[in-house]
Structure formats: structure tokens, C-alpha cells
$ cat coords_0.json   # JSON, C-alpha atoms and all ligand atoms
[["chain", "number", "residue", "atom", "x", "y", "z"],
["C", 1, "MET", "CA", 9.62, 137.27, -26.70],
["C", 2, "ALA", "CA", 8.64, 139.71, -23.98],
["C", 3, "ASP", "CA", 11.24, 140.38, -21.32],
["C", 4, "TYR", "CA", 10.73, 137.32, -19.09],
["C", 5, "ALA", "CA", 11.72, 137.99, -15.47],
["C", 6, "LEU", "CA", 12.02, 134.57, -13.83],
["C", 7, "GLN", "CA", 15.52, 133.11, -13.81],
["C", 8, "LEU", "CA", 15.92, 129.32, -13.95],
["C", 9, "SER", "CA", 17.80, 127.65, -11.11],
["C", 10, "ASP", "CA", 17.75, 124.25, -9.39],
["C", 11, "ASP", "CA", 15.04, 125.36, -6.97],
["C", 12, "GLU", "CA", 12.94, 126.75, -9.84],
["C", 13, "VAL", "CA", 13.23, 123.44, -11.72],
["C", 14, "ALA", "CA", 12.21, 121.61, -8.52],
["C", 15, "ARG", "CA", 9.22, 123.96, -8.23],
["C", 16, "TYR", "CA", 8.12, 123.19, -11.80],
["C", 17, "ARG", "CA", 8.35, 119.46, -11.06],
["C", 18, "LEU", "CA", 6.21, 119.90, -7.94],
["C", 19, "MET", "CA", 3.65, 121.95, -9.90],
["C", 20, "ALA", "CA", 3.61, 119.39, -12.72],
["C", 21, "GLU", "CA", 2.92, 116.51, -10.33],
["C", 22, "GLN", "CA", 0.13, 118.52, -8.72],
["C", 23, "ALA", "CA", -1.30, 119.31, -12.16],
["C", 24, "ARG", "CA", -1.25, 115.68, -13.29],
["C", 25, "ASP", "CA", -3.15, 114.64, -10.16],
["C", 26, "GLN", "CA", -5.61, 117.52, -9.98],
["C", 27, "GLU", "CA", -6.31, 117.97, -13.70],
["C", 28, "ALA", "CA", -6.55, 114.33, -14.83],
["C", 29, "ALA", "CA", -10.22, 114.67, -15.81],
["C", 30, "LEU", "CA", -9.69, 118.02, -17.53],
["C", 31, "TRP", "CA", -6.69, 116.71, -19.48],
["C", 32, "ALA", "CA", -8.77, 113.75, -20.65],
["C", 33, "GLN", "CA", -11.65, 116.01, -21.64],
["C", 34, "ALA", "CA", -9.31, 118.25, -23.64],
["C", 35, "GLY", "CA", -7.94, 115.24, -25.52],
["C", 36, "VAL", "CA", -4.70, 114.34, -23.72],
["C", 37, "ALA", "CA", -4.79, 110.63, -24.57],
["C", 38, "PRO", "CA", -2.69, 107.94, -26.22],
["C", 39, "GLY", "CA", -1.90, 108.89, -29.82],
["C", 40, "ALA", "CA", -2.61, 112.62, -29.40],
["C", 41, "ARG", "CA", -0.43, 115.36, -30.89],
["C", 42, "ILE", "CA", 0.14, 118.15, -28.38],
["C", 43, "ALA", "CA", 1.98, 121.49, -28.35],
["C", 44, "ASP", "CA", 3.09, 122.86, -24.97],
["C", 45, "VAL", "CA", 3.83, 126.54, -25.56],
["C", 46, "GLY", "CA", 5.97, 128.22, -22.90],
["C", 47, "CYS", "CA", 7.02, 124.75, -21.76],
["C", 48, "GLY", "CA", 9.77, 126.01, -19.41],
["C", 49, "PRO", "CA", 12.17, 123.27, -18.28],
["C", 50, "GLY", "CA", 9.79, 120.59, -19.55],
["C", 51, "ALA", "CA", 8.21, 119.14, -16.40],
["C", 52, "ILE", "CA", 4.71, 119.13, -17.93],
["C", 53, "LEU", "CA", 6.08, 118.22, -21.37],
["C", 54, "ALA", "CA", 7.47, 114.97, -19.93],
["C", 55, "LEU", "CA", 4.13, 114.07, -18.33],
["C", 56, "LEU", "CA", 2.26, 114.83, -21.56],
["C", 57, "ALA", "CA", 4.73, 112.69, -23.53],
["C", 58, "ALA", "CA", 4.08, 109.79, -21.15],
["C", 59, "ALA", "CA", 0.31, 110.31, -21.50],
["C", 60, "VAL", "CA", 0.27, 110.31, -25.32],
["C", 61, "GLY", "CA", 2.62, 107.32, -25.55],
["C", 62, "ALA", "CA", 4.71, 106.10, -28.48],
["C", 63, "GLY", "CA", 1.88, 106.73, -30.97],
["C", 64, "GLY", "CA", 1.57, 110.40, -29.98],
["C", 65, "GLU", "CA", 3.84, 113.42, -30.08],
["C", 66, "VAL", "CA", 4.51, 116.43, -27.85],
["C", 67, "ILE", "CA", 6.32, 119.55, -29.06],
["C", 68, "GLY", "CA", 7.48, 122.17, -26.56],
["C", 69, "ILE", "CA", 8.17, 125.79, -27.42],
["C", 70, "ASP", "CA", 9.88, 128.32, -25.18],
["C", 71, "GLY", "CA", 11.45, 131.72, -25.73],
["C", 72, "ASP", "CA", 14.15, 131.26, -23.09],
["C", 73, "GLU", "CA", 17.27, 129.41, -24.22],
["C", 74, "SER", "CA", 18.03, 128.12, -20.71],
["C", 75, "ALA", "CA", 14.51, 126.63, -20.49],
["C", 76, "VAL", "CA", 14.90, 125.00, -23.91],
["C", 77, "ALA", "CA", 18.26, 123.56, -22.82],
["C", 78, "ALA", "CA", 16.78, 122.21, -19.55],
["C", 79, "ALA", "CA", 13.78, 120.68, -21.34],
["C", 80, "THR", "CA", 16.05, 119.14, -24.00],
["C", 81, "ALA", "CA", 18.23, 117.61, -21.28],
["C", 82, "LEU", "CA", 15.17, 116.24, -19.48],
["C", 83, "ILE", "CA", 13.88, 114.65, -22.70],
["C", 84, "ALA", "CA", 17.31, 113.08, -23.35],
["C", 85, "SER", "CA", 17.70, 111.79, -19.78],
["C", 86, "THR", "CA", 14.25, 110.21, -19.74],
["C", 87, "GLY", "CA", 14.56, 108.70, -23.22],
["C", 88, "LEU", "CA", 11.29, 110.27, -24.41],
["C", 89, "GLU", "CA", 11.40, 109.69, -28.15],
["C", 90, "ASN", "CA", 7.99, 111.27, -28.78],
["C", 91, "ALA", "CA", 8.94, 114.68, -27.32],
["C", 92, "SER", "CA", 10.96, 117.58, -28.70],
["C", 93, "VAL", "CA", 11.48, 121.21, -27.82],
["C", 94, "ARG", "CA", 12.45, 124.31, -29.77],
["C", 95, "LEU", "CA", 13.06, 127.99, -29.23],
["C", 96, "GLY", "CA", 10.15, 130.17, -30.28],
["C", 97, "SER", "CA", 7.83, 132.97, -29.40],
["C", 98, "ALA", "CA", 4.37, 132.30, -28.00],
["C", 99, "ASP", "CA", 2.63, 134.62, -30.47],
["C", 100, "ARG", "CA", 4.37, 133.20, -33.57],
["C", 101, "THR", "CA", 5.57, 129.72, -32.76],
["C", 102, "GLY", "CA", 6.20, 128.67, -36.36],
["C", 103, "LEU", "CA", 4.19, 125.49, -35.66],
["C", 104, "PRO", "CA", 1.80, 124.29, -38.40],
["C", 105, "GLU", "CA", -1.77, 125.58, -38.28],
["C", 106, "GLY", "CA", -4.59, 123.16, -37.42],
["C", 107, "ALA", "CA", -2.13, 120.38, -36.61],
["C", 108, "PHE", "CA", -2.64, 119.73, -32.90],
["C", 109, "ASP", "CA", -5.27, 117.82, -30.95],
["C", 110, "VAL", "CA", -4.41, 119.89, -27.88],
["C", 111, "VAL", "CA", -2.44, 123.11, -27.48],
["C", 112, "MET", "CA", -1.49, 123.73, -23.86],
["C", 113, "MET", "CA", -0.19, 126.91, -22.27],
["C", 114, "ARG", "CA", 0.47, 127.11, -18.52],
["C", 115, "HIS", "CA", 1.60, 130.06, -16.43],
["C", 116, "VAL", "CA", 2.81, 132.08, -19.41],
["C", 117, "LEU", "CA", 0.11, 134.68, -20.07],
["C", 118, "GLY", "CA", 0.74, 136.37, -16.71],
["C", 119, "HIS", "CA", 4.20, 137.32, -18.00],
["C", 120, "ASN", "CA", 3.02, 138.81, -21.29],
["C", 121, "GLY", "CA", 1.21, 142.01, -20.39],
["C", 122, "GLY", "CA", -0.72, 143.50, -23.28],
["C", 123, "THR", "CA", -0.09, 140.62, -25.71],
["C", 124, "GLU", "CA", -2.30, 138.00, -24.03],
["C", 125, "GLN", "CA", -5.04, 138.05, -26.68],
["C", 126, "ARG", "CA", -2.55, 138.03, -29.54],
["C", 127, "ILE", "CA", -0.93, 134.92, -28.04],
["C", 128, "VAL", "CA", -4.23, 133.11, -27.47],
["C", 129, "ASP", "CA", -5.40, 134.02, -30.99],
["C", 130, "HIS", "CA", -2.24, 132.46, -32.41],
["C", 131, "LEU", "CA", -2.53, 129.32, -30.25],
["C", 132, "ALA", "CA", -6.14, 128.86, -31.42],
["C", 133, "THR", "CA", -4.92, 128.66, -35.03],
["C", 134, "LEU", "CA", -2.66, 125.70, -34.14],
["C", 135, "VAL", "CA", -5.58, 123.59, -32.87],
["C", 136, "ARG", "CA", -7.21, 121.23, -35.39],
["C", 137, "PRO", "CA", -10.98, 121.58, -35.91],
["C", 138, "GLY", "CA", -12.58, 119.75, -32.97],
["C", 139, "GLY", "CA", -9.36, 119.97, -30.94],
["C", 140, "ALA", "CA", -8.83, 121.98, -27.76],
["C", 141, "LEU", "CA", -6.83, 124.86, -26.40],
["C", 142, "TYR", "CA", -6.00, 124.30, -22.72],
["C", 143, "LEU", "CA", -4.91, 127.35, -20.74],
["C", 144, "VAL", "CA", -3.86, 127.42, -17.09],
["C", 145, "ASP", "CA", -2.94, 130.46, -15.07],
["C", 146, "ALA", "CA", -3.09, 131.86, -11.58],
["C", 147, "HIS", "CA", -4.87, 134.67, -9.80],
["C", 148, "LEU", "CA", -1.65, 135.91, -8.22],
["C", 149, "LYS", "CA", -3.43, 138.36, -5.93],
["C", 150, "ALA", "CA", -5.31, 135.43, -4.40],
["C", 151, "ILE", "CA", -2.25, 133.25, -3.82],
["C", 152, "ALA", "CA", -1.42, 132.80, -0.16],
["C", 153, "THR", "CA", 1.04, 131.06, 2.13],
["C", 154, "TYR", "CA", 0.38, 130.24, 5.77],
["C", 155, "PRO", "CA", 2.19, 130.81, 8.01],
["C", 156, "GLU", "CA", 4.19, 133.45, 6.19],
["C", 157, "PRO", "CA", 6.81, 135.76, 7.72],
["C", 158, "ALA", "CA", 6.24, 139.48, 7.07],
["C", 159, "GLU", "CA", 9.49, 139.64, 5.04],
["C", 160, "LEU", "CA", 8.27, 137.04, 2.55],
["C", 161, "GLU", "CA", 4.84, 138.67, 2.32],
["C", 162, "ASP", "CA", 6.73, 141.85, 1.46],
["C", 163, "LEU", "CA", 8.70, 140.00, -1.26],
["C", 164, "PHE", "CA", 5.49, 138.75, -2.87],
["C", 165, "ASP", "CA", 3.79, 142.16, -2.67],
["C", 166, "ARG", "CA", 6.82, 143.77, -4.32],
["C", 167, "TYR", "CA", 6.74, 141.11, -7.06],
["C", 168, "LEU", "CA", 3.06, 141.83, -7.76],
["C", 169, "ALA", "CA", 3.81, 145.56, -7.96],
["C", 170, "PHE", "CA", 6.74, 144.84, -10.30],
["C", 171, "LEU", "CA", 4.60, 142.70, -12.64],
["C", 172, "THR", "CA", 1.84, 145.30, -12.67],
["C", 173, "ALA", "CA", 4.33, 148.09, -13.46],
["C", 174, "ARG", "CA", 5.48, 146.03, -16.47],
["C", 175, "GLY", "CA", 1.91, 145.88, -17.76],
["C", 176, "SER", "CA", 1.27, 142.25, -16.80],
["C", 177, "ASP", "CA", -2.00, 141.20, -15.25],
["C", 178, "PRO", "CA", -1.63, 139.43, -11.88],
["C", 179, "ARG", "CA", -5.32, 138.43, -12.11],
["C", 180, "ILE", "CA", -4.86, 136.75, -15.53],
["C", 181, "GLY", "CA", -6.42, 133.46, -14.35],
["C", 182, "LEU", "CA", -9.80, 135.20, -14.15],
["C", 183, "ARG", "CA", -9.59, 136.19, -17.83],
["C", 184, "LEU", "CA", -8.85, 132.79, -19.41],
["C", 185, "SER", "CA", -12.43, 132.09, -20.49],
["C", 186, "HIS", "CA", -12.79, 135.54, -22.02],
["C", 187, "LEU", "CA", -9.50, 135.18, -23.91],
["C", 188, "ALA", "CA", -10.49, 131.76, -25.33],
["C", 189, "LYS", "CA", -13.95, 132.99, -26.36],
["C", 190, "SER", "CA", -12.49, 136.07, -28.06],
["C", 191, "ALA", "CA", -10.19, 133.74, -30.05],
["C", 192, "GLY", "CA", -13.28, 132.09, -31.56],
["C", 193, "LEU", "CA", -13.25, 128.98, -29.37],
["C", 194, "THR", "CA", -16.21, 127.38, -27.62],
["C", 195, "VAL", "CA", -15.57, 127.40, -23.90],
["C", 196, "GLU", "CA", -16.31, 123.89, -22.68],
["C", 197, "VAL", "CA", -14.94, 124.22, -19.15],
["C", 198, "PHE", "CA", -13.80, 127.16, -17.07],
["C", 199, "ARG", "CA", -12.75, 126.09, -13.61],
["C", 200, "GLY", "CA", -10.75, 127.41, -10.66],
["C", 201, "TRP", "CA", -9.40, 125.66, -7.59],
["C", 202, "ILE", "CA", -7.00, 126.12, -4.70],
["C", 203, "PRO", "CA", -4.74, 123.17, -3.97],
["C", 204, "ILE", "CA", -3.15, 123.10, -0.52],
["C", 205, "VAL", "CA", 0.52, 122.20, -0.85],
["C", 206, "PRO", "CA", 3.08, 121.86, 1.98],
["C", 207, "ALA", "CA", 6.12, 123.91, 0.87],
["C", 208, "PRO", "CA", 9.19, 121.67, 0.81],
["C", 209, "PRO", "CA", 12.36, 123.17, 2.35],
["C", 210, "GLY", "CA", 14.35, 124.98, -0.36],
["C", 211, "LEU", "CA", 11.31, 126.06, -2.36],
["C", 212, "ARG", "CA", 11.62, 129.76, -3.24],
["C", 213, "GLY", "CA", 8.96, 130.60, -5.80],
["C", 214, "PRO", "CA", 8.51, 133.04, -8.68],
["C", 215, "ALA", "CA", 9.04, 136.25, -6.72],
["C", 216, "TRP", "CA", 12.50, 135.08, -5.65],
["C", 217, "ALA", "CA", 13.25, 133.88, -9.21],
["C", 218, "ALA", "CA", 12.47, 137.42, -10.41],
["C", 219, "ARG", "CA", 14.81, 139.13, -7.92],
["C", 220, "GLU", "CA", 17.55, 139.95, -10.47],
["C", 221, "ALA", "CA", 15.00, 141.44, -12.88],
["C", 222, "MET", "CA", 13.44, 143.45, -10.02],
["C", 223, "LEU", "CA", 16.91, 144.62, -8.96],
["C", 224, "ALA", "CA", 17.80, 145.64, -12.54],
["C", 225, "ALA", "CA", 14.51, 147.58, -12.74],
["C", 226, "GLY", "CA", 15.32, 149.41, -9.48],
["C", 227, "ALA", "CA", 12.23, 147.92, -7.81],
["C", 228, "ILE", "CA", 14.28, 146.40, -4.96],
["C", 229, "ASP", "CA", 17.82, 146.67, -3.60],
["C", 230, "GLU", "CA", 20.54, 144.26, -2.44],
["C", 231, "ALA", "CA", 19.52, 144.69, 1.21],
["C", 232, "ASP", "CA", 16.01, 143.46, 0.33],
["C", 233, "ILE", "CA", 17.50, 140.33, -1.24],
["C", 234, "ARG", "CA", 19.66, 139.61, 1.83],
["C", 235, "ARG", "CA", 16.66, 140.14, 4.13],
["C", 236, "TRP", "CA", 14.46, 137.76, 2.08],
["C", 237, "ASP", "CA", 17.26, 135.20, 1.83],
["C", 238, "ARG", "CA", 17.52, 135.12, 5.65],
["C", 239, "ALA", "CA", 13.74, 134.75, 5.94],
["C", 240, "PHE", "CA", 13.76, 131.81, 3.50],
["C", 241, "GLU", "CA", 16.56, 130.13, 5.44],
["C", 242, "ALA", "CA", 14.63, 130.51, 8.70],
["C", 243, "SER", "CA", 11.53, 129.13, 7.00],
["C", 244, "ASP", "CA", 13.51, 126.15, 5.63],
["C", 245, "ALA", "CA", 14.51, 125.25, 9.20],
["C", 246, "ALA", "CA", 10.91, 125.14, 10.47],
["C", 247, "THR", "CA", 9.76, 121.58, 11.10],
["C", 248, "GLU", "CA", 6.11, 122.45, 10.50],
["C", 249, "ARG", "CA", 6.02, 123.27, 6.79],
["C", 250, "PRO", "CA", 4.20, 126.40, 5.58],
["C", 251, "LEU", "CA", 1.21, 125.64, 3.37],
["C", 252, "LEU", "CA", 0.85, 127.15, -0.11],
["C", 253, "PHE", "CA", -2.57, 128.05, -1.50],
["C", 254, "PRO", "CA", -2.01, 128.71, -5.22],
["C", 255, "SER", "CA", -5.26, 129.95, -6.72],
["C", 256, "THR", "CA", -5.37, 128.28, -10.16],
["C", 257, "PHE", "CA", -7.69, 128.50, -13.19],
["C", 258, "ALA", "CA", -8.04, 126.39, -16.33],
["C", 259, "VAL", "CA", -10.08, 126.74, -19.48],
["C", 260, "VAL", "CA", -10.77, 124.18, -22.19],
["C", 261, "GLY", "CA", -11.65, 126.00, -25.41],
["C", 262, "ARG", "CA", -12.83, 123.82, -28.28],
["C", 263, "ARG", "CA", -12.18, 124.78, -31.91],
["C", 264, "PRO", "CA", -15.45, 124.46, -33.82],
["C", 265, "GLY", "CA", -15.68, 121.86, -36.56],
["C", 266, "SER", "CA", -14.72, 118.24, -36.86],
["C", 267, "PRO", "CA", -11.47, 116.69, -38.03],
["C", 268, "SER", "CA", -11.19, 116.38, -41.79],
["A", 1, "LIG", "C1", 6.35, 130.23, -15.37],
["A", 1, "LIG", "S1", 7.12, 129.34, -16.66],
["A", 1, "LIG", "C2", 5.96, 128.01, -16.92],
["A", 1, "LIG", "C3", 6.59, 126.77, -17.52],
["A", 1, "LIG", "C4", 5.61, 125.63, -17.82],
["A", 1, "LIG", "N1", 4.55, 126.05, -18.71],
["A", 1, "LIG", "C5", 5.05, 125.07, -16.55],
["A", 1, "LIG", "O1", 3.91, 125.40, -16.20],
["A", 1, "LIG", "O2", 5.75, 124.28, -15.89],
["A", 1, "LIG", "C6", 6.83, 130.35, -18.06],
["A", 1, "LIG", "C7", 7.66, 129.94, -19.28],
["A", 1, "LIG", "O3", 7.12, 130.61, -20.40],
["A", 1, "LIG", "C8", 8.16, 131.15, -21.19],
["A", 1, "LIG", "N2", 7.62, 132.34, -21.87],
["A", 1, "LIG", "C9", 7.09, 133.44, -21.30],
["A", 1, "LIG", "N3", 6.66, 134.31, -22.24],
["A", 1, "LIG", "C10", 6.94, 133.72, -23.44],
["A", 1, "LIG", "C11", 6.74, 134.12, -24.79],
["A", 1, "LIG", "N4", 6.15, 135.27, -25.09],
["A", 1, "LIG", "N5", 7.16, 133.28, -25.77],
["A", 1, "LIG", "C12", 7.76, 132.11, -25.48],
["A", 1, "LIG", "N6", 7.97, 131.67, -24.21],
["A", 1, "LIG", "C13", 7.56, 132.47, -23.20],
["A", 1, "LIG", "C14", 9.27, 131.47, -20.21],
["A", 1, "LIG", "O4", 10.53, 131.48, -20.85],
["A", 1, "LIG", "C15", 9.12, 130.34, -19.20],
["A", 1, "LIG", "O5", 9.94, 129.26, -19.53]]
$ encode --input "coords_0.json" --output "C-alpha cells" --more "lines below"
Ligand SMILES: C[S@@+](CC[C@H](N)C(=O)[O-])C[C@H]1O[C@@H](n2cnc3c(N)ncnc32)[C@H](O)[C@@H]1O
Amino acid sequence: MADYALQLSDDEVARYRLMAEQARDQEAALWAQAGVAPGARIADVGCGPGAILALLAAAVGAGGEVIGIDGDESAVAAATALIASTGLENASVRLGSADRTGLPEGAFDVVMMRHVLGHNGGTEQRIVDHLATLVRPGGALYLVDAHLKAIATYPEPAELEDLFDRYLAFLTARGSDPRIGLRLSHLAKSAGLTVEVFRGWIPIVPAPPGLRGPAWAAREAMLAAGAIDEADIRRWDRAFEASDAATERPLLFPSTFAVVGRRPGSPS
């Protein structure tokens, strides 16, 4: 898979859980429209540590099945451990690449991909084209991604604004598109799907103490690329610690987009 920059850690796993709970609450109607329902067969490609995978497994129930794919061994290990600890017998996860998952074609009621395309500069359409082949006729591809340039935090210390700006510059220099959320409908349409819904929204989420976010998770990759130095990391670490101590929590405004793309035809 492409060189993925975000390193898993306890605070990253906690962030995925927070995002998954937000998604379940905010996207309930969209999930239902796409076909997330008891008995459904779902692939979650780029499943990360499995926070969404677990919610999907609960939604499809014992008569359904959810398969997670991720290219990062530590994410696969975390998702596997989550499945084992929650006793989810209808969920499994395997190592694989988003543009050639090895999953059977036309076999899934819903193929979901969340917050992955923004890390795959230049291969976005190839990935979406592949995912579209996994969907059964009449089934749906469900893509979620952010408009990173429109993400905001308030209040935000200048140091942490600097961290996020440097992260955006780093992603852009790697060829990734920080505005990928805006392109989801176009990508689905170009893959031959019928766009049923294309929606964007901005949840308002109080940042719990300890939350660090993707820019911080990418610090080692940014350091290795020479985009930042150790002094930057120390400076941002101090700013996070000061922010953790604030009793009034900063608010996050993650600009989010989703598309439901339907594969033409009806199930055979
Ligand atoms: C930001 S995380 C999102 C995790 C999950 N989808 C969620 O929303 O909670 C992105 C995940 O996609 C995986 N990933 C990124 N590019 C990939 C690729 N080309 N093939 C397979 N996995 C990929 C990463 O390893 C990471 O676990």
C-alpha cells in the first residue's frame, strides 16, 4: 500500500472510537439507505483498528458478515484484538491493499471506505474503481472523507494551528489531496456508480483531554521526511499538555462528506 503516515497509538485508537460513535449517530439514516441492515454482507476497506467494523458487525447481526481490510499490520492486529475481545463472530479482518483487496467481486451489499482516500494521492480513482467491482448489482459503495482545509478547532493555540498547517503541507507534498471530501461524488460517478446521496456536514465535538489527532500521529513520518524537527515536536507536545489542562474543552469542527453510490442492476 502507499506509504501511510499515521502511527497507531492509544490516543489514536481512542480517536477512532470517538469518530465511530459520532458516525453511528450522525449517519444512521445514510447507513440504512446504503443497506447497512441485519443480514447484510459488508466490506470495510481501510478499517484501521476496527472501531467502525465493530459497529457494522453489531448492525448486521448474526445473519450478516463484515470483513475488514487494512494495509497496516498494526491496524490489522488492533482490529483482530477488538473482534476477539468483543466476541464478534460475524467479523474478520485481513491484511490487504485498498486497490486490490483480493475480496470476491460482486459479493457485498455495502462496501465502505472511510478516511482512507486522503492518504492515497494519485491512486484515489483506481481504489474507488476496485471497490465498485466488489459491490453486488443493486448494492452500494459508501465513501466518507474530510475536507481537511476546512477542519477547524476553537479555541486553538497558535502552536497547534502551526502543527495542522504543516501536516496539510506535508500531505500535499506527498501528492495527497486535503480536499478529497469534495471529490467523493465525482470519484463514485467515474467508477460507473449512480450517486444516490452526496452530503457534507460539520459536527461540533468537544475535544476530550488526551486527544491528539492525525497531524500528531504523522509526526514521525513528517520528521523522517525532513518536514519538521524535534524542537517542533517538543513545542507541540507542550501545547497539547497545556490544552489538556484547560477546563473548558476546545471544540472540533471536522468538515465531513459522504457519498452513497449505487451499482446499477438488481441482485441475481
Ligand atoms: C485514517 S485511518 C481510518 C480508519 C477507519 N476507516 C476509520 O474511519 O475509523 C486510515 C486507515 O486506512 C489504511 N490505509 C490507508 N491507505 C491504504 C491502502 N492503500 N490500502 C490499505 N489500507 C490503507 C491505513 O493503514 C489506516 O489504518
$ residues_near_ligand --input "coords_0.json" --ligand "ligand LIG 1 (chain A)" --cutoff "9 Å" --atoms "all atoms listed in the file" --output "ChimeraX atom specification"
/C:1-8,13,15-17,19-20,23,44-53,69-76,95-101,112-120,123-124,127,144-145,214
$ residues_near_point --input "coords_0.json" --point "(-16.5, 123.1, -35.3)" --cutoff "9 Å" --atoms "only C-alpha atoms" --output "list of chain:residue names"
C:Pro137, C:Gly138, C:Gly139, C:Leu193, C:Thr194, C:Arg262, C:Arg263, C:Pro264, C:Gly265, C:Ser266, C:Pro267
$ write_last_selection --input "coords_0.json" --atoms "C-alpha atoms" --output "mmCIF file, in the coordinates of the input"
data_model
loop_
_atom_site.group_PDB
_atom_site.id
_atom_site.type_symbol
_atom_site.label_atom_id
_atom_site.label_comp_id
_atom_site.auth_asym_id
_atom_site.auth_seq_id
_atom_site.Cartn_x
_atom_site.Cartn_y
_atom_site.Cartn_z
ATOM 1 C CA PRO C 137 -10.980 121.580 -35.910
ATOM 2 C CA GLY C 138 -12.580 119.750 -32.970
ATOM 3 C CA GLY C 139 -9.360 119.970 -30.940
ATOM 4 C CA LEU C 193 -13.250 128.980 -29.370
ATOM 5 C CA THR C 194 -16.210 127.380 -27.620
ATOM 6 C CA ARG C 262 -12.830 123.820 -28.280
ATOM 7 C CA ARG C 263 -12.180 124.780 -31.910
ATOM 8 C CA PRO C 264 -15.450 124.460 -33.820
ATOM 9 C CA GLY C 265 -15.680 121.860 -36.560
ATOM 10 C CA SER C 266 -14.720 118.240 -36.860
ATOM 11 C CA PRO C 267 -11.470 116.690 -38.030
#
$ residues_around --input "coords_0.json" --residues "Ile228 (chain C)" --least-positions-apart "4" --cutoff "8 Å" --atoms "all atoms listed in the file" --output "PyMOL selection string"
chain C and resi 166+219+222-223+232-233
$ write_last_selection --input "coords_0.json" --atoms "C-alpha atoms" --output "PDB file, in the coordinates of the input"
ATOM      1  CA  ARG C 166       6.820 143.770  -4.320  1.00  0.00           C
ATOM      2  CA  ARG C 219      14.810 139.130  -7.920  1.00  0.00           C
ATOM      3  CA  MET C 222      13.440 143.450 -10.020  1.00  0.00           C
ATOM      4  CA  LEU C 223      16.910 144.620  -8.960  1.00  0.00           C
ATOM      5  CA  ASP C 232      16.010 143.460   0.330  1.00  0.00           C
ATOM      6  CA  ILE C 233      17.500 140.330  -1.240  1.00  0.00           C
TER       7      ILE C 233
END
$ residues_around --input "coords_0.json" --residues "Glu27 (chain C)" --least-positions-apart "6" --cutoff "12 Å" --atoms "all atoms listed in the file" --output "ChimeraX atom specification"
/C:19-21,33-34,36,52,142-144,197,199-201,203,256-260
$ write_last_selection --input "coords_0.json" --atoms "C-alpha atoms" --output "mmCIF file, in the coordinates of the input"
data_model
loop_
_atom_site.group_PDB
_atom_site.id
_atom_site.type_symbol
_atom_site.label_atom_id
_atom_site.label_comp_id
_atom_site.auth_asym_id
_atom_site.auth_seq_id
_atom_site.Cartn_x
_atom_site.Cartn_y
_atom_site.Cartn_z
ATOM 1 C CA MET C 19 3.650 121.950 -9.900
ATOM 2 C CA ALA C 20 3.610 119.390 -12.720
ATOM 3 C CA GLU C 21 2.920 116.510 -10.330
ATOM 4 C CA GLN C 33 -11.650 116.010 -21.640
ATOM 5 C CA ALA C 34 -9.310 118.250 -23.640
ATOM 6 C CA VAL C 36 -4.700 114.340 -23.720
ATOM 7 C CA ILE C 52 4.710 119.130 -17.930
ATOM 8 C CA TYR C 142 -6.000 124.300 -22.720
ATOM 9 C CA LEU C 143 -4.910 127.350 -20.740
ATOM 10 C CA VAL C 144 -3.860 127.420 -17.090
ATOM 11 C CA VAL C 197 -14.940 124.220 -19.150
ATOM 12 C CA ARG C 199 -12.750 126.090 -13.610
ATOM 13 C CA GLY C 200 -10.750 127.410 -10.660
ATOM 14 C CA TRP C 201 -9.400 125.660 -7.590
ATOM 15 C CA PRO C 203 -4.740 123.170 -3.970
ATOM 16 C CA THR C 256 -5.370 128.280 -10.160
ATOM 17 C CA PHE C 257 -7.690 128.500 -13.190
ATOM 18 C CA ALA C 258 -8.040 126.390 -16.330
ATOM 19 C CA VAL C 259 -10.080 126.740 -19.480
ATOM 20 C CA VAL C 260 -10.770 124.180 -22.190
#
$ closest_residue --input "coords_0.json" --among "C:Phe108, C:Asn90, C:Leu141, C:Thr80" --to "Lys189 (chain C)" --atoms "all atoms listed in the file"
C:Leu141
$ atom_distance --input "coords_0.json" --atom1 "CA of Gly39 (chain C)" --atom2 "CA of Thr133 (chain C)"
20.7 Å
